[in-house]
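Colleague: For reference, the structure I am asking about is given below.
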Amino acid sequence: GAVVSQHPSWVICKSGTSVKIECRSLDFQATTMFWYRQFPKQSLMLMATSNEGSKATYEQGVEKDKFLINHASLTLSTLTVTSAHPEDSSFYICSASPRDRAYEQYFGPGTRLTVT
Amino acid sequence: KQEVTQIPAALSVPEGENLVLNCSFTDSAIYNLQWFRQDPGKGLTSLLLIQSSQREQTSGRLNASLDKSSGRSTLYIAASQPGDSATYLCAVRGGYQKVTFGTGTKLQVIP
């Protein structure tokens, strides 16, 4: 149980376009989902925290207008990278906390984004 | 602000050796600490989760300890195997559900 999926697993897009990444909790309801970014040879950095039905809370230094997060249901959160640039190329990982076990986080497999 | 450091940054050992990975954190007010492994270009695999009230957790050849007061955790891997080669990350969960990841230890087990 407690499986989190991400789609796509990898994506290549051209500079200036937007790309959407989905994060789904497959067998539990997640009131809170988190988005992380990992640059090469660096650790994961929290980008934002999203609660179902409300606006996401972004970490300092993360552009809200560039990284749009929507958490419309208890099983789905999306991250849209708008007007992507090569420096946005990174590994994006989401995690989800179950409704009844908020102290736990289950991580998705990640999405590798390459912007050319 | 929580800071999590892992030492060493990289480690290379011959197969069969027992080894210890270290994780230190600056703010001892944590809810739990979790160890993950990450294979190149892939996501995270959770290994062990230690709640703040616990001192250690074991799973197979892995044993993780937590000393909250001193801000340290260790991951002990017994009888290492080439398949253990990966980057190991520790992550500390503090207030407001925030998780701070360590810098990682890249482990290579040589056959």
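Order determines the names: the first chain of the structure tokens is A, the second B, and so forth; residues in each chain are numbered 1 upward, and ligands are numbered 1 upward as they are shown.
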Residues within 10 Å of Phe101 (chain B), please, as number ranges by chain. Count only C-alpha atoms; anything in the same chain fewer than 3 positions from it doesn't count.
Modeller: A: 43-46; B: 2-6, 25, 33-36, 89-93, 98, 104
Colleague: Export, as a compact mmCIF listing (two decimals), in the first residue's frame, the selected residues with N, CA and C atoms.
Modeller:
```txt
# COMPACT_ATOMS: atom_id res chain seq x y z
N SER A 43 21.27 17.44 -3.31
CA SER A 43 20.19 16.75 -2.62
C SER A 43 18.85 17.35 -3.02
N LEU A 44 17.80 16.76 -2.50
CA LEU A 44 16.45 17.23 -2.82
C LEU A 44 16.13 18.50 -2.05
N MET A 45 15.49 19.42 -2.73
CA MET A 45 15.08 20.67 -2.09
C MET A 45 13.57 20.81 -2.21
N LEU A 46 12.93 21.08 -1.08
CA LEU A 46 11.49 21.26 -1.10
C LEU A 46 11.13 22.53 -1.87
N GLN B 2 16.63 24.18 9.65
CA GLN B 2 17.24 22.86 9.79
C GLN B 2 18.29 22.64 8.72
N GLU B 3 19.43 22.13 9.11
CA GLU B 3 20.47 21.74 8.17
C GLU B 3 20.85 20.30 8.45
N VAL B 4 20.94 19.53 7.39
CA VAL B 4 21.24 18.11 7.52
C VAL B 4 22.50 17.80 6.72
N THR B 5 23.46 17.20 7.37
CA THR B 5 24.76 16.90 6.76
C THR B 5 25.04 15.42 6.84
N GLN B 6 25.60 14.89 5.75
CA GLN B 6 25.96 13.48 5.74
C GLN B 6 27.44 13.32 5.47
N PHE B 25 22.03 16.58 12.16
CA PHE B 25 21.08 17.65 11.94
C PHE B 25 21.19 18.68 13.04
N LEU B 33 12.94 10.67 11.40
CA LEU B 33 14.08 10.69 10.49
C LEU B 33 13.96 9.46 9.61
N GLN B 34 14.22 9.64 8.34
CA GLN B 34 14.03 8.56 7.39
C GLN B 34 15.29 8.40 6.55
N TRP B 35 15.64 7.17 6.26
CA TRP B 35 16.76 6.86 5.36
C TRP B 35 16.21 6.33 4.04
N PHE B 36 16.79 6.85 2.96
CA PHE B 36 16.39 6.44 1.62
C PHE B 36 17.63 6.00 0.85
N LEU B 89 20.38 8.76 1.32
CA LEU B 89 19.94 10.07 1.82
C LEU B 89 19.23 9.91 3.15
N CYS B 90 19.52 10.80 4.08
CA CYS B 90 18.71 10.86 5.28
C CYS B 90 17.84 12.10 5.19
N ALA B 91 16.66 12.03 5.76
CA ALA B 91 15.72 13.14 5.70
C ALA B 91 15.08 13.31 7.06
N VAL B 92 15.03 14.55 7.50
CA VAL B 92 14.50 14.86 8.82
C VAL B 92 13.19 15.61 8.68
N ARG B 93 12.17 15.16 9.38
CA ARG B 93 10.88 15.85 9.34
C ARG B 93 10.73 16.69 10.60
N LYS B 98 7.55 19.75 7.31
CA LYS B 98 8.67 20.01 6.40
C LYS B 98 9.75 18.95 6.55
N GLY B 104 23.63 13.53 1.21
CA GLY B 104 23.81 12.23 0.59
C GLY B 104 25.20 11.64 0.73
```
Colleague: Chain A residues within 7 Å of chain B, counting only C-alpha atoms: which ones, as a ChimeraX atom specification?
Modeller: /A:42-44,103,107-110
Colleague: Extract the full set of strand (DSSP E or B) residues from chain A according to DSSP on the backbone, and format it as a VMD selection string.
Modeller: chain A and resid 4 to 7 10 to 13 19 to 25 30 to 38 44 to 51 57 to 58 67 to 73 76 to 81 90 to 98 106 to 107 111 to 115
Colleague: Using only C-alpha atoms, which of A:Arg24, A:Arg99, A:Arg37, A:Arg112 sits nearest Phe67 (chain A)?
Modeller: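 Among A:Arg24, A:Arg99, A:Arg37, A:Arg112, it is A:Arg37 that comes nearest to Phe67 (chain A).
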Colleague: Choose the residue, out of A:Ser83, A:Gln38, A:Thr32, A:Ser9, that has the smallest atom-to-atom separation from Asp65 (chain A); count only C-alpha atoms.
Modeller: A:Ser83
Colleague: Show which residues sit within 10 Å of His85 (chain A), as a list in words. Count only C-alpha atoms, and ignore same-chain residues fewer than 6 positions away.
Modeller: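 So the residues in contact are Cys13, Lys14, Ser15, Gly16, Thr17, Ser18, Thr114, Val115 and Thr116 of chain A.
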Colleague: Distance CA of Val13 (chain B)-CA of Ile110 (chain B), one decimal place?
Modeller: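 Here the two named atoms are 6.1 Å from each other.
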Colleague: Between CA of Ser25 (chain A) and CA of Ile30 (chain B), measure the distance and give it in Å to one decimal.
Modeller: 25.2 Å
Colleague: Can you tell me how far CA of Gln57 (chain B) sits from CA of Asn22 (chain B), in Å to one decimal?
Modeller: 15.0 Å
Colleague: Excluding same-chain residues fewer than 2 positions from Thr82 (chain A), what lies within 6 Å of it counting only C-alpha atoms, as a list in words?
Modeller: Ser18, Lys66, Thr80 and Ala84 of chain A
Colleague: Which of these, A:Tyr58, A:Phe34, A:Phe28, A:Phe91, has the shortest distance to Leu113 (chain A) once you count only C-alpha atoms?
Modeller: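 Among the listed residues, the smallest separation from Leu113 (chain A) belongs to A:Phe91.
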Colleague: Find the residue from B:Ile50, B:Pro82, B:Gly71, B:Thr105 that sits nearest to Leu21 (chain B); use only C-alpha atoms when measuring.
Modeller: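 For Leu21 (chain B), the nearest of the given residues is B:Thr105.
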Colleague: Rank B:Leu47, B:Leu66, B:Ser28, B:Pro111 by their smallest atom-to-atom distance to Ala79 (chain B), using only C-alpha atoms, and report the top residue only.
Modeller: B:Pro111
Colleague: Counting only C-alpha atoms, what is within 9 Å of Leu26 (chain A), bar same-chain residues fewer than 4 positions away, as a VMD selection string?
Modeller: chain A and resid 1 to 5 75
